[in-house]
>>> print(open('coords.txt').read())   # compact mmCIF, C-alpha atoms
# COMPACT_ATOMS: atom_id res chain seq x y z
CA MET A 1 -35.40 9.60 72.74
CA LYS A 2 -36.88 13.07 72.80
CA ILE A 3 -35.85 15.16 69.76
CA ILE A 4 -36.40 18.92 69.66
CA SER A 5 -34.93 22.07 68.14
CA ASP A 6 -35.67 24.73 70.74
CA TYR A 7 -33.17 27.25 72.08
CA THR A 8 -35.43 28.04 75.06
CA LYS A 9 -34.64 24.51 76.31
CA ASP A 10 -30.87 25.07 76.14
CA THR A 11 -30.51 25.78 79.85
CA GLY A 12 -29.08 23.34 82.39
CA SER A 13 -31.21 20.44 83.61
CA ILE A 14 -31.59 18.81 87.02
CA LYS A 15 -29.51 15.63 87.19
CA LEU A 16 -30.15 13.69 90.38
CA HIS A 17 -29.34 10.15 89.25
CA PRO A 18 -25.66 9.05 89.34
CA GLY A 19 -24.62 8.35 85.76
CA SER A 20 -26.67 11.17 84.26
CA TYR A 21 -24.90 13.63 82.00
CA GLU A 22 -25.41 16.77 79.94
CA TRP A 23 -23.28 18.40 77.28
CA TRP A 24 -23.34 21.47 75.04
CA TYR A 25 -21.62 20.74 71.72
CA PHE A 26 -20.30 23.32 69.21
CA ASP A 27 -18.41 22.70 65.97
CA GLY A 28 -17.31 24.81 63.04
CA LEU A 29 -15.23 24.87 59.87
CA THR A 30 -13.41 27.66 58.12
CA ALA A 31 -14.86 28.58 54.74
CA ASP A 32 -11.99 26.90 52.90
CA GLY A 33 -12.27 23.77 55.07
CA GLU A 34 -8.66 23.98 56.21
CA TYR A 35 -9.47 24.28 59.92
CA GLY A 36 -12.15 22.67 62.04
CA ILE A 37 -13.03 22.87 65.73
CA VAL A 38 -15.15 20.86 68.17
CA VAL A 39 -15.89 22.22 71.65
CA ILE A 40 -17.92 20.33 74.28
CA PHE A 41 -18.90 21.60 77.74
CA TYR A 42 -19.84 18.72 80.07
CA GLU A 43 -21.76 18.57 83.31
CA GLY A 44 -21.19 14.95 84.18
CA ASN A 45 -18.25 13.82 82.05
CA PRO A 46 -19.38 10.35 80.86
CA PHE A 47 -15.79 9.36 79.99
CA SER A 48 -14.33 10.28 83.38
CA ARG A 49 -12.55 7.66 85.44
CA ARG A 50 -13.46 9.65 88.54
CA TYR A 51 -17.16 9.73 87.65
CA LEU A 52 -17.25 6.02 86.82
CA GLU A 53 -15.55 5.15 90.09
CA ALA A 54 -17.92 7.42 92.04
CA ILE A 55 -20.99 5.82 90.45
CA ASP A 56 -19.84 2.40 91.67
CA SER A 57 -18.77 3.62 95.11
CA ASN A 58 -20.56 3.71 98.47
CA THR A 59 -20.25 7.48 98.82
CA SER A 60 -23.29 9.71 99.25
CA GLU A 61 -25.58 10.28 96.30
CA ALA A 62 -24.64 13.96 96.24
CA GLU A 63 -20.99 13.03 95.68
CA ARG A 64 -21.94 10.82 92.74
CA ARG A 65 -23.99 13.35 90.80
CA ALA A 66 -23.06 14.84 87.44
CA GLY A 67 -22.39 18.30 88.87
CA GLN A 68 -19.33 16.96 90.67
CA PHE A 69 -17.61 16.14 87.37
CA PRO A 70 -17.67 19.10 84.93
CA ALA A 71 -15.27 19.05 82.00
CA LEU A 72 -14.33 20.84 78.80
CA SER A 73 -12.93 19.26 75.63
CA ILE A 74 -11.49 21.28 72.75
CA SER A 75 -10.22 19.76 69.50
CA VAL A 76 -8.81 21.77 66.59
CA TYR A 77 -7.87 20.26 63.24
CA GLN A 78 -5.91 21.47 60.25
CA ARG A 79 -6.41 19.60 56.98
CA GLY A 80 -7.74 16.61 58.88
CA ARG A 81 -4.96 16.44 61.47
CA PRO A 82 -5.23 17.48 65.14
CA ILE A 83 -3.18 20.54 66.07
CA TYR A 84 -4.70 20.96 69.53
CA TYR A 85 -6.44 18.57 71.90
CA GLY A 86 -7.46 19.39 75.45
CA PHE A 87 -9.83 17.41 77.67
CA CYS A 88 -9.80 18.89 81.17
CA GLU A 89 -12.01 17.93 84.07
CA HIS A 90 -12.51 20.51 86.84
CA GLU A 91 -13.61 20.79 90.43
CA PRO A 92 -17.34 21.58 90.87
CA ASP A 93 -16.67 25.12 92.12
CA GLU A 94 -14.80 25.88 88.88
CA ALA A 95 -17.90 25.33 86.74
CA ARG A 96 -21.48 26.52 86.51
CA PHE A 97 -24.39 25.64 84.21
CA ASP A 98 -27.32 27.99 84.67
CA SER A 99 -30.87 26.63 84.79
CA GLU A 100 -32.52 30.03 84.32
CA ARG A 101 -30.53 31.45 81.41
CA ILE A 102 -28.37 29.98 78.65
CA HIS A 103 -24.91 30.13 80.10
CA GLY A 104 -22.20 27.67 81.02
CA ARG A 105 -18.70 27.96 82.38
CA VAL A 106 -15.91 25.42 82.90
CA GLY A 107 -12.61 26.76 84.16
CA GLU A 108 -11.81 29.97 82.31
CA SER A 109 -13.95 29.08 79.28
CA GLU A 110 -17.66 29.77 78.87
CA PHE A 111 -20.58 30.04 76.49
CA GLY A 112 -23.45 32.53 76.54
CA PHE A 113 -26.46 33.51 74.47
CA GLU A 114 -28.40 36.52 73.26
CA LYS A 115 -31.09 37.33 70.70
CA SER A 116 -30.21 40.20 68.40
CA ASN A 117 -32.15 41.49 65.38
CA GLY A 118 -33.96 38.19 64.84
CA LYS A 119 -30.76 36.17 65.24
CA LEU A 120 -29.72 33.60 67.82
CA VAL A 121 -26.16 34.42 68.86
CA TYR A 122 -24.01 32.10 70.96
CA THR A 123 -20.61 33.33 72.10
CA VAL A 124 -18.05 30.66 73.01
CA SER A 125 -15.00 32.08 74.79
CA LEU A 126 -12.05 29.71 75.17
CA ASP A 127 -9.12 29.98 77.55
CA GLN A 128 -7.48 26.63 78.26
CA VAL A 129 -3.89 25.80 79.25
CA LEU A 130 -2.80 22.15 79.26
CA PRO A 131 -0.39 20.59 81.80
CA GLY A 132 2.33 20.43 79.12
CA GLY A 133 2.01 24.15 78.35
CA ASP A 134 -0.01 24.12 75.12
CA SER A 135 -2.82 26.67 75.19
CA ILE A 136 -5.78 27.97 73.23
CA ARG A 137 -7.49 31.33 73.59
CA GLY A 138 -10.09 33.16 71.58
CA SER A 139 -13.78 33.69 70.98
CA LEU A 140 -16.28 32.37 68.45
CA LYS A 141 -19.83 33.43 67.66
CA PHE A 142 -22.44 30.97 66.34
CA ILE A 143 -25.23 32.87 64.58
CA SER A 144 -28.49 31.47 63.19
CA ASP A 145 -31.95 32.74 62.25
CA ASP A 146 -34.58 32.78 65.00
CA HIS A 147 -37.59 32.39 62.70
CA ASN A 148 -36.18 29.46 60.77
CA ILE A 149 -35.28 27.47 63.86
CA ALA A 150 -38.88 27.80 65.08
CA LEU A 151 -40.05 26.27 61.80
CA VAL A 152 -37.52 23.47 62.17
CA ASN A 153 -38.69 22.69 65.71
CA ASN A 154 -42.30 22.31 64.57
CA LYS A 155 -41.28 19.63 62.09
CA LEU A 156 -38.46 17.99 64.00
CA ASN A 157 -39.75 17.41 67.50
CA GLU A 158 -40.73 13.94 68.62
CA ASN A 159 -42.14 12.71 71.94
CA ILE A 160 -42.61 16.39 72.73
CA ASN A 161 -44.68 15.59 75.83
CA ASP A 162 -42.37 12.85 77.04
CA ASN A 163 -40.67 14.60 79.96
CA ASP A 164 -39.30 11.30 81.24
CA ALA A 165 -37.31 10.39 78.11
CA ALA A 166 -33.97 8.83 79.03
CA HIS A 167 -32.17 10.99 76.46
CA THR A 168 -33.01 14.38 74.96
CA TRP A 169 -31.32 15.67 71.81
CA ASN A 170 -31.83 19.37 71.12
CA LEU A 171 -30.61 20.54 67.69
CA VAL A 172 -30.40 24.15 68.76
CA GLN A 173 -28.48 25.45 65.74
CA PRO A 174 -28.30 22.80 63.01
CA ALA A 175 -27.24 25.51 60.56
CA ALA A 176 -25.22 28.43 61.91
CA MET A 177 -22.47 30.75 60.76
CA VAL A 178 -19.39 30.70 63.00
CA THR A 179 -17.09 33.73 63.13
CA GLY A 180 -14.19 34.65 65.36
CA GLU A 181 -10.50 34.17 66.02
CA LEU A 182 -8.42 31.62 67.92
CA LYS A 183 -4.79 31.58 68.96
CA ILE A 184 -3.03 28.27 69.63
CA ASP A 185 0.41 28.14 71.23
CA GLY A 186 2.31 24.87 71.37
CA PHE A 187 4.75 23.00 69.17
CA ARG A 188 3.65 25.45 66.48
CA SER A 189 1.60 28.62 66.89
CA HIS A 190 -1.59 29.10 64.90
CA ALA A 191 -3.71 32.21 64.50
CA ILE A 192 -6.99 31.04 62.99
CA ARG A 193 -9.86 33.15 61.72
CA PHE A 194 -13.19 31.38 61.41
CA GLU A 195 -15.91 32.47 59.03
CA GLY A 196 -17.76 29.39 57.89
CA PRO A 197 -20.49 26.88 58.72
CA GLY A 198 -21.20 25.99 62.33
CA TYR A 199 -23.43 23.74 64.40
CA HIS A 200 -24.62 23.55 68.02
CA ASP A 201 -26.62 20.91 69.85
CA HIS A 202 -27.37 19.98 73.45
CA ASN A 203 -27.68 16.46 74.88
CA PHE A 204 -29.12 15.44 78.22
CA GLY A 205 -29.28 11.93 79.65
CA ARG A 206 -31.08 10.85 82.81
CA GLU A 207 -29.03 7.64 83.06
CA SER A 208 -25.67 6.24 81.95
CA MET A 209 -25.36 6.12 78.18
CA ASP A 210 -24.87 2.35 78.10
CA ARG A 211 -28.32 1.90 79.66
CA SER A 212 -29.96 3.97 76.88
CA PHE A 213 -28.23 2.62 73.77
CA LEU A 214 -25.66 0.11 72.54
CA ASP A 215 -24.01 2.35 69.95
CA TRP A 216 -24.65 5.61 68.14
CA TYR A 217 -23.64 6.99 64.72
CA TRP A 218 -24.08 10.73 64.17
CA GLY A 219 -23.06 13.27 61.51
CA ARG A 220 -23.81 16.67 60.01
CA PHE A 221 -22.89 18.22 56.65
CA HIS A 222 -23.47 21.75 55.38
CA PHE A 223 -24.56 21.99 51.76
CA PRO A 224 -25.03 25.37 50.01
CA GLU A 225 -28.77 25.59 50.75
CA SER A 226 -29.22 23.07 53.55
CA VAL A 227 -27.67 21.02 56.33
CA PHE A 228 -27.90 17.23 56.47
CA VAL A 229 -28.11 15.68 59.96
CA TYR A 230 -28.49 11.99 60.79
CA TYR A 231 -28.19 9.53 63.63
CA ILE A 232 -28.39 5.76 63.87
CA MET A 233 -28.88 4.39 67.37
CA GLN A 234 -28.92 0.73 68.31
CA LYS A 235 -30.94 0.68 71.53
CA GLN A 236 -31.49 -2.00 74.11
CA ASP A 237 -35.03 -2.49 72.78
CA GLY A 238 -34.36 -2.10 69.03
CA ASP A 239 -32.93 0.32 66.48
CA GLN A 240 -33.85 3.96 66.04
CA HIS A 241 -32.66 6.14 63.17
CA ARG A 242 -33.51 9.53 61.76
CA ALA A 243 -32.15 11.78 59.01
CA TRP A 244 -33.19 15.27 57.96
CA LEU A 245 -32.29 17.68 55.20
CA ILE A 246 -32.90 21.04 56.86
CA GLN A 247 -33.23 23.86 54.35
CA HIS A 248 -32.00 27.32 55.25
CA ASP A 249 -35.56 28.65 54.86
CA GLY A 250 -36.76 26.31 57.63
CA GLU A 251 -38.21 23.57 55.45
CA VAL A 252 -37.39 20.07 56.71
CA ILE A 253 -37.19 16.98 54.49
CA ARG A 254 -37.23 13.78 56.50
CA MET A 255 -35.24 11.12 54.68
CA ASP A 256 -34.99 7.91 56.67
CA ASP A 257 -36.69 5.33 54.45
CA HIS A 258 -33.47 3.33 54.08
CA PHE A 259 -30.23 3.14 56.06
CA GLN A 260 -27.27 0.93 55.21
CA LEU A 261 -23.95 0.54 57.04
CA ASP A 262 -20.98 -0.77 55.03
CA HIS A 263 -17.20 -1.18 55.09
CA ASN A 264 -16.82 -2.08 58.76
CA SER A 265 -13.35 -1.30 60.03
CA LEU A 266 -11.57 -2.45 63.21
CA ASN A 267 -9.34 0.07 64.96
CA PRO A 268 -6.24 -0.82 67.05
CA PHE A 269 -8.37 -0.97 70.22
CA GLY A 270 -10.83 -3.49 68.81
CA LEU A 271 -13.60 -0.96 68.11
CA MET A 272 -15.60 -1.87 65.01
CA SER A 273 -17.54 0.77 63.08
CA ALA A 274 -18.88 1.35 59.58
CA ARG A 275 -16.90 3.71 57.38
CA LYS A 276 -19.66 4.11 54.77
CA ILE A 277 -23.31 4.99 55.40
CA THR A 278 -26.07 5.21 52.77
CA ILE A 279 -29.27 7.05 53.65
CA GLU A 280 -32.31 7.50 51.40
CA GLY A 281 -35.75 9.06 51.67
CA SER A 282 -38.17 11.57 50.08
CA GLY A 283 -36.44 11.29 46.72
CA VAL A 284 -33.02 12.15 48.17
CA LYS A 285 -30.03 9.85 48.56
CA CYS A 286 -26.97 10.68 50.63
CA LEU A 287 -23.73 8.71 50.82
CA VAL A 288 -21.51 9.42 53.83
CA GLN A 289 -17.87 8.39 53.47
CA LYS A 290 -15.70 8.67 56.60
CA GLU A 291 -12.38 9.65 55.10
CA LYS A 292 -10.01 10.76 57.86
CA VAL A 293 -9.91 9.53 61.45
CA LEU A 294 -9.59 12.55 63.74
CA ASP A 295 -10.05 10.85 67.10
CA ASN A 296 -9.57 7.10 67.39
CA GLY A 297 -10.13 5.55 70.81
CA PRO A 298 -11.37 2.33 72.45
CA PHE A 299 -15.02 3.47 72.59
CA TYR A 300 -15.27 6.63 70.47
CA GLN A 301 -14.29 7.81 67.00
CA ARG A 302 -14.56 11.14 65.19
CA PHE A 303 -14.06 11.44 61.45
CA MET A 304 -13.66 14.22 58.91
CA SER A 305 -16.10 12.93 56.34
CA ARG A 306 -17.59 13.65 52.94
CA ALA A 307 -21.27 13.43 52.02
CA VAL A 308 -22.46 13.11 48.43
CA MET A 309 -26.13 13.94 47.92
CA GLU A 310 -28.32 13.06 44.94
CA ALA A 311 -31.54 15.04 44.68
CA GLY A 312 -33.49 15.18 41.42
CA ASP A 313 -30.99 15.59 38.60
CA GLY A 314 -28.35 17.25 40.75
CA ILE A 315 -25.39 15.94 42.73
CA SER A 316 -23.63 17.95 45.42
CA GLN A 317 -21.09 17.21 48.12
CA ALA A 318 -20.03 18.63 51.46
CA ASN A 319 -17.50 17.98 54.21
CA GLY A 320 -18.38 17.61 57.87
CA PHE A 321 -17.91 15.74 61.11
CA ALA A 322 -19.16 12.21 61.79
CA GLU A 323 -18.92 10.29 65.05
CA TYR A 324 -19.37 6.83 66.50
CA ILE A 325 -19.62 5.78 70.14
CA HIS A 326 -19.94 2.42 71.88
CA PRO A 327 -20.83 3.36 75.49
CA ALA A 328 -20.49 -0.07 77.16
CA ARG A 329 -16.75 -0.01 76.43
CA ILE A 330 -16.37 3.15 78.52
CA LYS A 331 -16.70 1.01 81.67
CA ASN A 332 -14.05 -1.49 80.60
CA ARG A 333 -11.20 -1.06 83.10
CA LEU A 334 -8.75 -2.37 80.52
CA PHE A 335 -8.98 1.00 78.74
CA ARG A 336 -8.63 3.21 81.83
CA PRO A 337 -4.84 3.74 81.45
CA LEU A 338 -5.40 5.01 77.90
CA VAL A 339 -8.17 7.39 79.01
CA ASN A 340 -6.00 8.67 81.86
CA MET A 341 -3.43 9.84 79.31
CA ARG A 342 -6.05 11.95 77.52
CA ILE A 343 -8.07 13.53 80.35
CA ALA A 344 -6.47 16.01 82.76
CA TYR A 345 -8.11 15.47 86.15
CA PRO A 346 -8.20 18.07 88.94
CA GLY A 347 -6.08 17.69 92.05
CA GLY A 348 -2.68 16.08 92.32
CA LYS A 349 -0.09 15.81 89.58
CA PRO A 350 -1.15 15.49 85.93
CA HIS A 351 -0.41 12.22 84.18
CA TRP A 352 3.28 11.98 83.29
CA VAL A 353 2.41 11.74 79.58
CA GLN A 354 0.47 15.01 79.77
CA ARG A 355 3.40 16.76 81.44
CA ASN A 356 5.54 15.99 78.40
CA PRO A 357 4.01 17.94 75.49
CA ARG A 358 5.73 15.80 72.87
CA LEU A 359 4.42 12.53 74.34
CA TYR A 360 0.96 13.98 74.88
CA ARG A 361 0.71 15.14 71.26
CA TRP A 362 1.53 11.57 70.26
CA THR A 363 -1.72 10.46 71.95
CA TRP A 364 -3.72 12.69 69.60
>>> encode(input="coords.txt", output="structure tokens")
Amino acid sequence: MKIISDYTKDTGSIKLHPGSYEWWYFDGLTADGEYGIVVIFYEGNPFSRRYLEAIDSNTSEAERRAGQFPALSISVYQRGRPIYYGFCEHEPDEARFDSERIHGRVGESEFGFEKSNGKLVYTVSLDQVLPGGDSIRGSLKFISDDHNIALVNNKLNENINDNDAAHTWNLVQPAAMVTGELKIDGFRSHAIRFEGPGYHDHNFGRESMDRSFLDWYWGRFHFPESVFVYYIMQKQDGDQHRAWLIQHDGEVIRMDDHFQLDHNSLNPFGLMSARKITIEGSGVKCLVQKEKVLDNGPFYQRFMSRAVMEAGDGISQANGFAEYIHPARIKNRLFRPLVNMRIAYPGGKPHWVQRNPRLYRWTW
């Protein structure tokens, strides 16, 4: 896997092979931790029934490419519980991911970029209406320091000359400040003002995820003077894991001498994942405890988690998001009916569960 931290590489990539994918991920928390948000723009939705069926079909290669299956997912949480969930796939002409500048659009939502006074500023504008009538609208800015991210890239990048890597992970803004306002209308209305820690990364895969890795743990936690980011990937040809403590001044402490997964838990769909992760290196120890399940599916889980860090004589803790994915299960047709309840596909009538807002909220 190619690992970088370079905003100049945050533009869209060419994806010719059926099964390839690309996503731009943004998350943020309010300063008091009450609200959290995760937004993902996809070109090539790897969870899409339509994309999976196209990959296995006899249609033309052009009809099986990632650009035919753009999507947008938005999840908002209050005190560890979902209050909005939208995962909408769109027709190709309703989306655009620019290869010359940093800009993406899916439906009526988009993200853009500018440099201003030594800062990297991403603006994420959201306007999504679900089949059942729930909606979210608003705009968030993700702001980070240009100079510091250049320092991070120099110490973070791996396989920098490997242009043929199956997967590229670009930690564009490991430590950002997110500001803005959102309005949610549904069973209850919420007006949310964000002014807290944020994060943005960009993933690009040249092949289906299940061909690149067996499973993947990931997480990030904002401490007062740093952000802790880790991943543990079981690949087809062995394990790969990394962890970094990225200081706000650009210093990077690599801490992956020891990884340990504990407290395996089985969810109702038969997905097994560790609920406790211990990571040590460079005189720092971090314990990640996945406390609340935010998204619990047959091949993917998201948790609101707590990280406790021991460094020198001090102990500190932070909250953040942690995820687990088992890609091979995505292709299991047994789970397709469950996925169809969650993803709104273009064309035709929405799934009957999605048309009933009360039933759809139950799937959250």
>>> closest_residue(input="coords.txt", among="A:Asp127, A:Glu108, A:Asp256, A:Glu114", to="Ile143 of chain A", atoms="all atoms listed in the file")
A:Glu114
>>> residues_around(input="coords.txt", residues="Asn356 of chain A", least_positions_apart="3", cutoff="12 Å", atoms="all atoms listed in the file", output="ChimeraX atom specification")
/A:130-134,186-187,341,350-353,359-363
>>> residues_around(input="coords.txt", residues="Leu72 of chain A", least_positions_apart="3", cutoff="10 Å", atoms="all atoms listed in the file", output="VMD selection string")
chain A and resid 23 to 24 39 to 43 45 86 to 90 95 105 to 107 109 to 110 126 128 343
>>> residues_around(input="coords.txt", residues="segment 197-208 of chain A", least_positions_apart="5", cutoff="6 Å", atoms="only C-alpha atoms", output="list of chain:residue names")
A:Gly19, A:Ser20, A:Tyr21, A:Glu22, A:Trp23, A:Trp24, A:Tyr25, A:Phe26, A:Asp27, A:Gly28, A:Leu29, A:Ala166, A:His167, A:Thr168, A:Trp169, A:Asn170, A:Leu171, A:Val172, A:Gln173, A:Pro174, A:Ala175, A:Ala176, A:Met177, A:Val178
>>> write_last_selection(input="coords.txt", atoms="C-alpha atoms", output="PDB file, in the coordinates of the input")
ATOM      1  CA  GLY A  19     -24.620   8.350  85.760  1.00  0.00           C
ATOM      2  CA  SER A  20     -26.670  11.170  84.260  1.00  0.00           C
ATOM      3  CA  TYR A  21     -24.900  13.630  82.000  1.00  0.00           C
ATOM      4  CA  GLU A  22     -25.410  16.770  79.940  1.00  0.00           C
ATOM      5  CA  TRP A  23     -23.280  18.400  77.280  1.00  0.00           C
ATOM      6  CA  TRP A  24     -23.340  21.470  75.040  1.00  0.00           C
ATOM      7  CA  TYR A  25     -21.620  20.740  71.720  1.00  0.00           C
ATOM      8  CA  PHE A  26     -20.300  23.320  69.210  1.00  0.00           C
ATOM      9  CA  ASP A  27     -18.410  22.700  65.970  1.00  0.00           C
ATOM     10  CA  GLY A  28     -17.310  24.810  63.040  1.00  0.00           C
ATOM     11  CA  LEU A  29     -15.230  24.870  59.870  1.00  0.00           C
ATOM     12  CA  ALA A 166     -33.970   8.830  79.030  1.00  0.00           C
ATOM     13  CA  HIS A 167     -32.170  10.990  76.460  1.00  0.00           C
ATOM     14  CA  THR A 168     -33.010  14.380  74.960  1.00  0.00           C
ATOM     15  CA  TRP A 169     -31.320  15.670  71.810  1.00  0.00           C
ATOM     16  CA  ASN A 170     -31.830  19.370  71.120  1.00  0.00           C
ATOM     17  CA  LEU A 171     -30.610  20.540  67.690  1.00  0.00           C
ATOM     18  CA  VAL A 172     -30.400  24.150  68.760  1.00  0.00           C
ATOM     19  CA  GLN A 173     -28.480  25.450  65.740  1.00  0.00           C
ATOM     20  CA  PRO A 174     -28.300  22.800  63.010  1.00  0.00           C
ATOM     21  CA  ALA A 175     -27.240  25.510  60.560  1.00  0.00           C
ATOM     22  CA  ALA A 176     -25.220  28.430  61.910  1.00  0.00           C
ATOM     23  CA  MET A 177     -22.470  30.750  60.760  1.00  0.00           C
ATOM     24  CA  VAL A 178     -19.390  30.700  63.000  1.00  0.00           C
TER      25      VAL A 178
END
>>> residues_around(input="coords.txt", residues="Glu280 of chain A", least_positions_apart="2", cutoff="7 Å", atoms="all atoms listed in the file", output="PyMOL selection string")
chain A and resi 255-259+278+284-286
>>> residues_around(input="coords.txt", residues="Ile192 of chain A", least_positions_apart="5", cutoff="8 Å", atoms="all atoms listed in the file", output="number ranges by chain")
A: 35, 181-183
>>> decode(input="coords.txt", residues="segment 338-363 of chain A", atoms="C-alpha atoms", output="PDB file, in the first residue's frame")
ATOM      1  CA  LEU A 338     -29.913  -6.049   4.008  1.00  0.00           C
ATOM      2  CA  VAL A 339     -27.716  -3.751   1.910  1.00  0.00           C
ATOM      3  CA  ASN A 340     -30.660  -2.889  -0.347  1.00  0.00           C
ATOM      4  CA  MET A 341     -32.489  -1.487   2.682  1.00  0.00           C
ATOM      5  CA  ARG A 342     -29.615   0.898   3.415  1.00  0.00           C
ATOM      6  CA  ILE A 343     -28.554   2.179  -0.025  1.00  0.00           C
ATOM      7  CA  ALA A 344     -30.906   4.293  -2.146  1.00  0.00           C
ATOM      8  CA  TYR A 345     -30.237   3.381  -5.775  1.00  0.00           C
ATOM      9  CA  PRO A 346     -31.077   5.617  -8.747  1.00  0.00           C
ATOM     10  CA  GLY A 347     -33.939   4.800 -11.077  1.00  0.00           C
ATOM     11  CA  GLY A 348     -37.178   3.071 -10.207  1.00  0.00           C
ATOM     12  CA  LYS A 349     -38.894   3.063  -6.834  1.00  0.00           C
ATOM     13  CA  PRO A 350     -36.856   3.229  -3.620  1.00  0.00           C
ATOM     14  CA  HIS A 351     -36.880   0.180  -1.380  1.00  0.00           C
ATOM     15  CA  TRP A 352     -40.157  -0.047   0.532  1.00  0.00           C
ATOM     16  CA  VAL A 353     -38.288   0.192   3.852  1.00  0.00           C
ATOM     17  CA  GLN A 354     -36.686   3.470   2.761  1.00  0.00           C
ATOM     18  CA  ARG A 355     -40.057   4.912   1.795  1.00  0.00           C
ATOM     19  CA  ASN A 356     -41.230   4.465   5.381  1.00  0.00           C
ATOM     20  CA  PRO A 357     -39.081   6.804   7.509  1.00  0.00           C
ATOM     21  CA  ARG A 358     -39.879   4.956  10.728  1.00  0.00           C
ATOM     22  CA  LEU A 359     -38.826   1.573   9.324  1.00  0.00           C
ATOM     23  CA  TYR A 360     -35.747   3.043   7.673  1.00  0.00           C
ATOM     24  CA  ARG A 361     -34.579   4.648  10.925  1.00  0.00           C
ATOM     25  CA  TRP A 362     -34.872   1.207  12.507  1.00  0.00           C
ATOM     26  CA  THR A 363     -32.143  -0.017  10.104  1.00  0.00           C
TER      27      THR A 363
END
